[in-house]
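*Asks:* mmCIF, C-alpha atoms, saved as run.cif, coming up:
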data_data
#
loop_
_atom_site.label_atom_id
_atom_site.label_comp_id
_atom_site.auth_asym_id
_atom_site.auth_seq_id
_atom_site.Cartn_x
_atom_site.Cartn_y
_atom_site.Cartn_z
CA MET A 56 40.03 161.19 21.99
CA ASP A 57 36.88 162.38 23.78
CA PHE A 58 33.21 162.40 22.82
CA SER A 59 30.43 164.72 23.99
CA GLU A 60 26.98 163.60 25.01
CA SER A 61 24.48 163.28 22.17
CA PHE A 62 21.91 165.94 21.25
CA LYS A 63 18.69 165.74 19.26
CA LEU A 64 18.93 166.31 15.49
CA SER A 65 16.80 166.14 12.35
CA GLY A 66 17.85 165.57 8.77
CA LEU A 67 21.61 165.44 9.50
CA LEU A 68 21.46 169.25 9.78
CA CYS A 69 24.40 170.24 11.99
CA ARG A 70 26.99 172.85 10.95
CA PHE A 71 29.89 174.67 12.61
CA SER A 72 30.09 178.38 11.88
CA PRO A 73 33.05 179.38 9.65
CA ASP A 74 34.66 181.32 12.52
CA GLY A 75 34.45 178.21 14.73
CA LYS A 76 32.53 179.94 17.55
CA TYR A 77 29.06 178.45 17.04
CA LEU A 78 27.34 175.18 16.22
CA ALA A 79 23.94 175.21 14.51
CA SER A 80 21.63 172.19 14.57
CA CYS A 81 18.03 171.64 13.52
CA VAL A 82 15.23 169.77 15.27
CA GLN A 83 12.17 169.70 13.01
CA TYR A 84 11.27 173.40 12.51
CA ARG A 85 13.59 174.77 15.23
CA LEU A 86 17.11 176.10 14.68
CA VAL A 87 19.39 175.77 17.71
CA VAL A 88 22.64 177.77 17.93
CA ARG A 89 25.15 176.65 20.59
CA ASP A 90 28.44 177.93 21.89
CA VAL A 91 31.12 175.51 20.70
CA LYS A 92 33.18 175.66 23.91
CA THR A 93 30.34 175.03 26.35
CA LEU A 94 27.66 173.55 24.04
CA GLN A 95 25.14 175.81 25.79
CA ILE A 96 22.22 177.16 23.72
CA LEU A 97 22.71 180.80 22.66
CA GLN A 98 19.80 181.30 20.26
CA LEU A 99 16.66 179.38 19.40
CA TYR A 100 14.83 180.30 16.19
CA THR A 101 11.46 178.98 15.00
CA CYS A 102 10.90 178.55 11.26
CA LEU A 103 7.63 178.32 9.34
CA ASP A 104 8.04 174.65 8.47
CA GLN A 105 10.41 171.73 8.92
CA ILE A 106 13.96 172.74 7.97
CA GLN A 107 15.55 170.75 5.15
CA HIS A 108 18.82 172.67 4.69
CA VAL A 109 20.89 174.96 6.90
CA GLU A 110 24.00 176.98 5.98
CA TRP A 111 26.13 179.71 7.58
CA SER A 112 27.25 182.83 5.74
CA ALA A 113 31.01 183.07 5.29
CA ASP A 114 31.34 185.77 7.98
CA SER A 115 29.25 183.75 10.49
CA LEU A 116 26.80 186.67 10.92
CA PHE A 117 23.81 185.08 9.17
CA ILE A 118 22.37 181.62 8.80
CA LEU A 119 19.82 180.46 6.23
CA CYS A 120 17.21 177.75 6.65
CA ALA A 121 15.59 176.31 3.52
CA MET A 122 12.16 174.67 3.50
CA TYR A 123 12.03 173.09 0.07
CA ARG A 124 8.49 171.76 0.34
CA ARG A 125 7.19 175.28 0.94
CA GLY A 126 9.56 177.00 -1.49
CA LEU A 127 10.80 179.19 1.38
CA VAL A 128 14.14 180.40 2.72
CA GLN A 129 14.41 182.16 6.07
CA VAL A 130 17.55 184.05 7.07
CA TRP A 131 18.46 184.81 10.70
CA SER A 132 20.98 187.23 12.17
CA LEU A 133 23.15 186.36 15.15
CA GLU A 134 24.00 189.99 15.89
CA GLN A 135 20.36 191.11 15.70
CA PRO A 136 18.14 188.16 16.74
CA GLU A 137 14.99 190.21 16.12
CA TRP A 138 15.93 190.70 12.42
CA HIS A 139 15.03 188.08 9.87
CA CYS A 140 14.44 187.74 6.13
CA LYS A 141 12.02 185.53 4.20
CA ILE A 142 12.43 184.58 0.53
CA ASP A 143 9.43 182.97 -1.17
CA GLU A 144 10.08 181.39 -4.57
CA GLY A 145 6.33 180.95 -5.10
CA SER A 146 5.20 178.73 -7.96
CA ALA A 147 8.78 178.32 -9.22
CA GLY A 148 9.47 176.05 -6.26
CA LEU A 149 12.79 175.34 -4.58
CA VAL A 150 15.18 172.38 -4.66
CA ALA A 151 18.48 173.91 -3.45
CA SER A 152 19.75 177.00 -1.66
CA CYS A 153 23.23 178.26 -0.79
CA TRP A 154 25.22 181.38 0.13
CA SER A 155 27.62 183.19 -2.15
CA PRO A 156 31.12 183.69 -0.66
CA ASP A 157 30.39 187.33 0.23
CA GLY A 158 27.62 186.25 2.60
CA ARG A 159 25.18 188.79 1.18
CA HIS A 160 23.70 186.87 -1.77
CA ILE A 161 21.60 183.70 -1.73
CA LEU A 162 21.43 181.35 -4.73
CA ASN A 163 18.15 179.44 -5.00
CA THR A 164 17.65 176.67 -7.56
CA THR A 165 14.04 176.34 -8.73
CA GLU A 166 12.15 173.14 -9.35
CA PHE A 167 13.09 171.12 -12.45
CA HIS A 168 16.40 173.08 -12.39
CA LEU A 169 14.95 175.71 -14.70
CA ARG A 170 17.13 178.47 -13.27
CA ILE A 171 19.12 179.77 -10.31
CA THR A 172 17.78 182.94 -8.71
CA VAL A 173 20.38 185.17 -7.02
CA TRP A 174 18.90 187.30 -4.22
CA SER A 175 20.85 190.23 -2.78
CA LEU A 176 20.29 190.98 0.91
CA CYS A 177 21.91 194.41 0.48
CA THR A 178 20.22 195.87 -2.58
CA LYS A 179 17.22 193.46 -2.71
CA SER A 180 18.00 193.00 -6.41
CA VAL A 181 17.46 189.70 -8.26
CA SER A 182 19.62 188.04 -10.94
CA TYR A 183 19.02 184.84 -12.89
CA ILE A 184 21.27 182.05 -14.15
CA LYS A 185 19.73 179.61 -16.63
CA TYR A 186 20.30 175.93 -17.38
CA PRO A 187 21.77 174.54 -14.10
CA LYS A 188 22.22 170.80 -14.34
CA ALA A 189 20.36 168.52 -11.95
CA CYS A 190 23.33 167.05 -10.08
CA GLN A 191 24.21 166.93 -6.39
CA GLN A 192 27.57 168.69 -6.59
CA GLY A 193 27.13 170.98 -9.58
CA ILE A 194 28.12 174.36 -8.14
CA THR A 195 31.38 175.56 -6.58
CA PHE A 196 33.09 178.90 -5.86
CA THR A 197 36.73 179.93 -5.84
CA ARG A 198 38.05 180.64 -2.35
CA ASP A 199 38.43 184.35 -3.07
CA GLY A 200 34.77 184.49 -4.13
CA ARG A 201 35.46 185.99 -7.55
CA TYR A 202 34.23 183.14 -9.74
CA LEU A 203 31.50 180.52 -9.79
CA ALA A 204 31.80 177.24 -11.68
CA LEU A 205 28.43 175.74 -12.63
CA ALA A 206 27.52 172.48 -14.33
CA GLU A 207 24.96 173.29 -17.03
CA ARG A 208 22.74 171.29 -19.37
CA ARG A 209 21.93 173.11 -22.62
CA ASP A 210 20.81 171.73 -25.96
CA CYS A 211 21.18 168.17 -24.66
CA ARG A 212 24.87 168.73 -23.89
CA ASP A 213 26.78 169.27 -20.65
CA TYR A 214 28.92 172.35 -20.00
CA VAL A 215 30.96 173.86 -17.19
CA SER A 216 30.39 177.62 -17.23
CA ILE A 217 32.39 180.19 -15.28
CA PHE A 218 30.50 183.20 -13.89
CA VAL A 219 31.84 186.45 -12.42
CA CYS A 220 30.28 186.87 -8.97
CA SER A 221 30.38 190.68 -9.03
CA ASP A 222 27.58 190.84 -11.61
CA TRP A 223 26.67 187.12 -12.08
CA GLN A 224 27.52 187.30 -15.78
CA LEU A 225 29.05 184.52 -17.84
CA LEU A 226 32.81 184.84 -18.25
CA ARG A 227 33.27 184.74 -22.02
CA TYR A 228 36.49 182.91 -22.64
CA LYS A 229 37.48 181.76 -26.08
CA VAL A 230 40.81 181.39 -27.87
CA LEU A 231 41.12 181.53 -31.65
CA LEU A 232 44.47 180.85 -33.35
CA TYR A 233 44.99 182.13 -36.91
CA SER A 234 47.82 181.76 -39.39
CA LEU A 235 49.28 184.82 -41.14
CA ASP A 236 47.16 184.19 -44.21
CA GLY A 237 43.98 184.26 -42.14
CA ARG A 238 43.29 180.53 -41.77
CA LEU A 239 41.76 179.40 -38.48
CA LEU A 240 44.23 176.88 -37.04
CA ALA A 241 42.62 175.94 -33.73
CA THR A 242 39.84 176.90 -31.40
CA TYR A 243 39.06 176.19 -27.77
CA CYS A 244 35.99 177.19 -25.84
CA ALA A 245 35.48 176.28 -22.18
CA TYR A 246 31.72 175.98 -22.71
CA GLU A 247 31.71 173.21 -25.30
CA TRP A 248 32.62 170.55 -22.74
CA SER A 249 30.52 167.65 -23.99
CA LEU A 250 30.97 165.12 -21.19
CA GLY A 251 28.31 163.80 -18.86
CA ILE A 252 29.12 166.04 -15.88
CA LYS A 253 28.10 164.80 -12.43
CA SER A 254 30.14 166.91 -9.98
CA VAL A 255 32.53 169.86 -9.86
CA ALA A 256 34.98 171.07 -7.21
CA TRP A 257 37.36 174.01 -7.12
CA SER A 258 40.66 173.63 -5.28
CA PRO A 259 41.24 175.95 -2.27
CA SER A 260 44.18 177.48 -4.16
CA SER A 261 41.80 178.29 -7.05
CA GLN A 262 44.36 176.80 -9.46
CA PHE A 263 42.41 173.67 -10.40
CA LEU A 264 38.84 172.83 -11.32
CA ALA A 265 37.97 169.14 -10.99
CA ILE A 266 35.08 167.76 -13.05
CA GLY A 267 33.59 164.37 -12.21
CA SER A 268 31.73 162.59 -14.99
CA TYR A 269 29.40 159.65 -15.55
CA ASP A 270 32.15 157.82 -17.42
CA GLY A 271 33.98 157.27 -14.11
CA LYS A 272 36.71 159.83 -14.78
CA VAL A 273 37.81 163.12 -13.23
CA ARG A 274 39.17 165.85 -15.52
CA LEU A 275 41.46 168.45 -13.99
CA LEU A 276 41.39 171.90 -15.64
CA ASN A 277 43.92 174.72 -15.30
CA HIS A 278 42.53 178.05 -14.08
CA VAL A 279 44.54 180.12 -16.59
CA THR A 280 43.80 178.44 -19.91
CA TRP A 281 40.83 176.26 -18.81
CA LYS A 282 42.50 173.42 -20.69
CA MET A 283 42.56 169.91 -19.31
CA ILE A 284 45.77 169.06 -17.43
CA THR A 285 45.05 165.38 -16.89
CA GLU A 286 42.28 162.91 -16.28
CA PHE A 287 41.96 160.38 -13.47
CA GLY A 288 40.29 157.04 -14.14
CA HIS A 289 38.83 154.83 -11.42
CA PRO A 290 39.88 151.29 -12.35
CA THR A 291 38.25 148.41 -10.48
CA THR A 292 41.60 146.62 -10.35
CA ILE A 293 44.64 148.37 -8.84
CA ASN A 294 47.85 147.07 -10.43
CA ASN A 295 50.34 149.84 -9.64
CA PRO A 296 52.60 148.63 -6.80
CA LYS A 297 53.27 152.26 -5.82
CA THR A 298 49.59 152.78 -4.94
CA VAL A 299 48.76 151.71 -1.40
CA VAL A 300 45.38 150.00 -0.97
CA TYR A 301 43.93 149.86 2.53
CA LYS A 302 41.08 147.38 3.05
CA GLU A 303 38.86 147.43 6.10
CA ALA A 304 38.66 144.06 7.81
CA GLU A 305 37.11 142.66 10.97
CA LYS A 306 39.39 142.94 13.96
CA ILE A 307 40.02 140.14 16.41
CA PRO A 308 39.80 141.76 19.87
CA GLN A 309 43.25 142.39 21.27
CA LEU A 310 45.19 144.90 23.28
CA GLY A 311 47.51 147.43 21.76
CA LEU A 312 47.56 149.13 18.38
CA GLY A 313 47.10 146.14 16.12
CA HIS A 314 44.56 147.77 13.81
CA LEU A 315 46.88 150.55 12.63
CA SER A 316 48.98 150.31 9.53
CA PHE A 317 51.23 153.16 10.68
CA PRO A 318 51.78 154.80 14.09
CA PRO A 319 48.71 156.98 14.71
CA PRO A 320 48.73 160.67 15.59
CA ARG A 321 49.04 161.23 19.33
CA ALA A 322 45.47 162.51 19.60
CA MET A 323 44.04 159.26 18.22
CA ALA A 324 45.83 156.85 20.51
CA GLY A 325 43.30 156.89 23.34
CA ALA A 326 40.44 155.38 21.35
CA LEU A 327 42.18 152.67 19.40
CA SER A 328 41.35 149.75 21.68
CA THR A 329 37.60 150.35 21.20
CA SER A 330 37.63 149.76 17.44
CA GLU A 331 36.26 146.50 16.09
CA SER A 332 37.69 146.81 12.59
CA LYS A 333 41.06 147.60 11.15
CA TYR A 334 42.73 148.68 7.93
CA GLU A 335 45.03 146.17 6.27
CA ILE A 336 47.42 146.86 3.42
CA ALA A 337 46.36 144.69 0.49
CA SER A 338 48.90 143.14 -1.80
CA GLY A 339 48.33 143.77 -5.50
CA PRO A 340 46.74 143.40 -7.84
CA VAL A 341 43.64 144.37 -5.84
CA SER A 342 40.10 144.00 -7.19
CA LEU A 343 37.57 146.45 -5.73
CA GLN A 344 33.92 145.64 -5.07
CA THR A 345 31.74 147.03 -7.84
CA LEU A 346 28.04 147.71 -8.29
CA LYS A 347 26.48 147.04 -11.65
CA PRO A 348 24.59 150.24 -12.58
CA VAL A 349 21.05 150.16 -13.93
CA THR A 350 21.63 152.30 -17.00
CA ASP A 351 18.00 152.43 -18.17
CA ARG A 352 16.97 154.50 -15.14
CA ALA A 353 17.41 158.20 -14.44
CA ASN A 354 20.50 159.17 -12.43
CA PRO A 355 22.11 155.72 -12.41
CA ARG A 356 24.60 154.84 -9.67
CA MET A 357 27.67 155.35 -11.77
CA GLY A 358 30.32 158.00 -12.28
CA VAL A 359 32.18 160.33 -9.93
CA GLY A 360 29.51 161.85 -7.70
CA THR A 361 31.70 163.29 -4.91
CA LEU A 362 34.91 165.36 -5.11
CA ALA A 363 36.84 167.17 -2.38
CA PHE A 364 40.25 168.87 -2.30
CA SER A 365 42.35 168.90 0.86
CA SER A 366 42.81 172.32 2.49
CA ASP A 367 46.36 172.64 1.10
CA SER A 368 45.23 171.55 -2.41
CA TYR A 369 47.79 168.71 -2.34
CA PHE A 370 45.22 165.91 -2.47
CA LEU A 371 41.90 165.22 -4.16
CA ALA A 372 39.50 162.63 -2.69
CA THR A 373 36.89 161.08 -5.00
CA ARG A 374 34.11 158.49 -4.90
CA ASN A 375 32.96 156.55 -7.94
CA ASP A 376 29.31 155.68 -7.32
CA ASN A 377 29.47 152.23 -8.92
CA VAL A 378 32.44 151.36 -6.65
CA PRO A 379 30.59 152.55 -3.53
CA ASN A 380 32.87 151.16 -0.79
CA ALA A 381 36.05 152.91 -1.93
CA VAL A 382 37.59 156.36 -1.62
CA TRP A 383 40.38 157.33 -4.02
CA VAL A 384 42.98 159.88 -2.91
CA TRP A 385 44.99 161.52 -5.71
CA ASP A 386 48.31 163.37 -5.36
CA ILE A 387 47.81 166.66 -7.21
CA GLN A 388 51.53 167.46 -7.20
CA THR A 389 52.46 164.33 -9.17
CA LEU A 390 49.00 163.86 -10.77
CA LYS A 391 48.95 160.20 -9.72
CA LEU A 392 46.80 157.95 -7.57
CA PHE A 393 48.21 158.02 -4.03
CA VAL A 394 46.02 155.66 -2.00
CA VAL A 395 42.72 153.75 -2.12
CA LEU A 396 40.64 153.09 1.00
CA GLU A 397 38.11 150.24 0.66
CA HIS A 398 35.52 149.65 3.35
CA MET A 399 33.12 146.86 4.22
CA SER A 400 30.09 149.14 3.66
CA PRO A 401 29.32 151.89 1.12
CA VAL A 402 30.87 155.27 1.90
CA ARG A 403 28.21 157.75 3.00
CA SER A 404 30.32 160.88 3.36
CA PHE A 405 33.89 162.17 3.60
CA GLN A 406 35.37 165.56 4.51
CA TRP A 407 38.86 167.02 4.78
CA ASP A 408 40.25 168.56 7.96
CA PRO A 409 40.30 172.37 7.36
CA GLN A 410 43.85 172.67 8.76
CA GLN A 411 45.79 169.67 7.46
CA PRO A 412 45.55 166.83 4.91
CA ARG A 413 43.47 164.53 7.13
CA LEU A 414 40.34 162.89 5.74
CA ALA A 415 37.34 161.74 7.82
CA ILE A 416 35.06 159.05 6.36
CA CYS A 417 31.79 157.46 7.50
CA THR A 418 29.93 154.46 6.11
CA GLY A 419 26.69 154.44 8.12
CA GLY A 420 28.11 152.25 10.88
CA SER A 421 29.14 153.16 14.42
CA LYS A 422 32.73 153.93 13.41
CA VAL A 423 34.54 156.94 11.99
CA TYR A 424 37.61 156.50 9.76
CA LEU A 425 40.55 158.90 9.60
CA TRP A 426 43.29 158.95 6.96
CA SER A 427 46.41 161.08 6.61
CA PRO A 428 49.66 160.54 4.67
CA ALA A 429 51.05 158.98 7.89
CA GLY A 430 48.42 156.21 7.95
CA CYS A 431 44.80 155.47 8.77
CA VAL A 432 42.64 154.41 11.70
CA SER A 433 39.14 153.14 12.46
CA VAL A 434 37.51 154.37 15.69
CA GLN A 435 34.36 153.09 17.38
CA VAL A 436 31.91 155.73 18.64
CA PRO A 437 31.35 154.90 22.34
CA GLY A 438 28.07 154.82 24.24
CA GLU A 439 25.12 152.58 24.91
CA GLY A 440 23.83 150.99 21.74
CA ASP A 441 24.93 151.79 18.22
CA PHE A 442 25.50 155.32 16.93
CA PRO A 443 25.29 154.94 13.11
CA VAL A 444 27.33 157.80 11.66
CA LEU A 445 25.59 159.10 8.52
CA GLY A 446 27.34 162.45 8.16
CA LEU A 447 30.42 164.44 9.21
CA CYS A 448 31.26 168.08 9.87
CA TRP A 449 34.70 169.47 10.84
CA HIS A 450 35.33 172.37 13.19
CA LEU A 451 37.48 175.18 11.74
CA SER A 452 40.42 174.28 14.02
CA GLY A 453 40.45 170.61 12.99
CA ASP A 454 40.34 169.67 16.69
CA ALA A 455 36.69 168.59 16.70
CA LEU A 456 34.42 166.62 14.41
CA ALA A 457 30.61 166.52 14.54
CA LEU A 458 29.23 163.01 13.98
CA LEU A 459 25.64 162.97 12.71
CA ASN A 460 22.97 160.29 12.60
CA LYS A 461 19.26 160.29 11.93
CA ASP A 462 18.09 161.58 15.31
CA HIS A 463 21.18 162.79 17.20
CA PHE A 464 24.66 164.26 16.91
CA CYS A 465 27.73 164.25 19.11
CA LEU A 466 31.15 165.89 18.99
CA CYS A 467 34.41 163.99 18.70
CA PHE A 468 37.37 165.91 20.16
CA LEU A 469 40.57 164.84 18.42
CA GLU A 470 42.97 166.74 20.66
CA THR A 471 42.85 167.41 24.38
CA LYS A 472 43.97 170.95 25.15
CA GLU A 473 44.00 172.71 28.49
CA GLY A 474 40.41 173.46 29.42
CA ALA A 475 38.92 171.33 26.64
CA GLY A 476 37.22 169.12 29.21
CA THR A 477 34.79 171.90 30.16
CA ALA A 478 32.53 171.09 27.25
CA CYS A 479 29.14 169.81 28.33
CA GLY A 480 28.93 166.09 29.01
CA GLN A 481 32.24 164.94 27.54
CA ARG A 482 33.15 161.35 28.06
CA ASP A 483 36.39 159.54 27.33
CA SER A 484 36.15 157.09 24.46
CA HIS A 485 38.16 154.46 26.31
CA ALA A 486 36.52 154.94 29.71
#
Represent the structure from my file as structure tokens, please.
*Replies:*
Amino acid sequence: MDFSESFKLSGLLCRFSPDGKYLASCVQYRLVVRDVKTLQILQLYTCLDQIQHVEWSADSLFILCAMYRRGLVQVWSLEQPEWHCKIDEGSAGLVASCWSPDGRHILNTTEFHLRITVWSLCTKSVSYIKYPKACQQGITFTRDGRYLALAERRDCRDYVSIFVCSDWQLLRYKVLLYSLDGRLLATYCAYEWSLGIKSVAWSPSSQFLAIGSYDGKVRLLNHVTWKMITEFGHPTTINNPKTVVYKEAEKIPQLGLGHLSFPPPRAMAGALSTSESKYEIASGPVSLQTLKPVTDRANPRMGVGTLAFSSDSYFLATRNDNVPNAVWVWDIQTLKLFVVLEHMSPVRSFQWDPQQPRLAICTGGSKVYLWSPAGCVSVQVPGEGDFPVLGLCWHLSGDALALLNKDHFCLCFLETKEGAGTACGQRDSHA
């Protein structure tokens, strides 16, 4: 496992392009685009204010930079560096901005979550979606780009609404069952979901919609009927002997592979001796560390705030905010809890490898954690001084991982292929 030299960064804003050719990073009001293979700068763009969000279009041809304090979005073109677009939300303000899957529409959420404005780069038309809920992970698209799932707050109730992306209209879906004599037997409407919704995530296969709620549960909906298939709770005590619980523990320095529960993938083996912590398999029943939420404050630290499906849709990773040190991994094929990973510090971020069911986790320390069905590993980021990892970003190939902290980022190369050592400033993690 190799690591690149570190580069300057602001606001954890570092993103690989979807085609895997470029790496965008932000330093204050500057947007830097690098070649992934050489890490040389290809383009340097200057925005009107400090960048607070950056995102690539799905075809890697455009990149947007959002400046929330100014209510501005600037869009840059890689093919035509002289072209750019500016969107000014004016007095409505701006709190979030993202691309639609077609890469030609931008969805801006106004202040106080009054509405989402959909801007078309092609026709310059504008559409509006009302009632978006103020939650961190409240919007998600199907992989084919046909539908949008949105957490909404209307009439003091929470809903998950499905929109058609071709015209940004609500998909009206309702089933009424009548008897032969005209009596209404049953009714189901996907927009009367009355739970406290905190996060939503669509599976890459588009077959499942996961809804995380403030009650600490995840509901899994079917994409055909929109009915609930099952619900996953997040118990603080794990009693099922079939569920493996890995607990991070301090590692006594030693040679060899003592901090692995299972033999690691070949690409990981080089960095194992640098790790200062290990995963241990806990014997049940296992009690997880919990945080008592302050329920009389807005947005209390409770409920399922983060959801992510693996690229093959076989697994779902979740984080319950009042059990901050743990990541739950659910088996979607059997609809059962598969594994729990508990760390010594609260989990800051986790992301799935785009090519295989491999999960990367960071907790704000100088280590990165990797889990796959074969086992798990903790790896120390090398270099002088600490490199607190606050965020993660996978390359399309799954061979590289960007590790982000407050002021810098570096690349972690998980596999060494012929010619991979040409990247600027690489150093071996066990050198």
*Asks:* What lies within 10 Å of Val279 (chain A) using only C-alpha atoms, ignoring chain neighbours under 2 positions off, as a PyMOL selection string?
*Replies:* chain A and resi 262-263+276-277+281-282
*Asks:* So which residues get picked by the PyMOL selection byres ((chain A and resi 297) around 12) here, written as a list in words?
*Replies:* Ile293, Asn294, Asn295, Pro296, Thr298, Val299, Val300, Ser338, Gly339, Pro340, Lys391, Leu392, Phe393, Val394 and Val395 of chain A
*Asks:* Please, could you write that set of residues out with C-alpha atoms as an mmCIF file, in the coordinates of the input?
*Replies:*
data_model
loop_
_atom_site.group_PDB
_atom_site.id
_atom_site.type_symbol
_atom_site.label_atom_id
_atom_site.label_comp_id
_atom_site.auth_asym_id
_atom_site.auth_seq_id
_atom_site.Cartn_x
_atom_site.Cartn_y
_atom_site.Cartn_z
ATOM 1 C CA ILE A 293 44.640 148.370 -8.840
ATOM 2 C CA ASN A 294 47.850 147.070 -10.430
ATOM 3 C CA ASN A 295 50.340 149.840 -9.640
ATOM 4 C CA PRO A 296 52.600 148.630 -6.800
ATOM 5 C CA THR A 298 49.590 152.780 -4.940
ATOM 6 C CA VAL A 299 48.760 151.710 -1.400
ATOM 7 C CA VAL A 300 45.380 150.000 -0.970
ATOM 8 C CA SER A 338 48.900 143.140 -1.800
ATOM 9 C CA GLY A 339 48.330 143.770 -5.500
ATOM 10 C CA PRO A 340 46.740 143.400 -7.840
ATOM 11 C CA LYS A 391 48.950 160.200 -9.720
ATOM 12 C CA LEU A 392 46.800 157.950 -7.570
ATOM 13 C CA PHE A 393 48.210 158.020 -4.030
ATOM 14 C CA VAL A 394 46.020 155.660 -2.000
ATOM 15 C CA VAL A 395 42.720 153.750 -2.120
#
*Asks:* Please evaluate the PyMOL selection byres ((chain A and resi 399) around 10) against the displayed coordinates and give the resulting residues as a list in words.
*Replies:*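 Selection result, ordered by chain and number: Lys302, Glu303, Ala304, Glu305, Ser332, Gln344, Pro379, Asn380, Ala381, Glu397, His398, Ser400, Pro401, Val402, Thr418 and Gly420 of chain A.
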*Asks:* So that I can check the surroundings of region 75-79 of chain A, please list as a PyMOL selection string every protein, DNA and RNA residue that reaches within 9 Å of it, counting all atoms listed in the file and ignoring chain neighbours fewer than 4 positions away.
*Replies:* chain A and resi 68-71+86-92+94+97+109-111+115+118+450-452
*Asks:* Run the PyMOL selection byres ((chain A and resi 454-458) around 9) mentally over the shown coordinates, then write out the matched residues as a list in words, using the chain letters and numbers from the document.
*Replies:*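 Output from the PyMOL selection byres ((chain A and resi 454-458) around 9), applied to this file: Cys69, Arg70, Phe71, Asp408, Ala415, Cys417, Val423, Val444, Leu445, Gly446, Leu447, Cys448, Trp449, His450, Leu451, Ser452, Gly453, Leu459, Asn460, His463, Phe464, Cys465, Leu466, Cys467, Phe468, Leu469, Glu470 and Thr471 of chain A.
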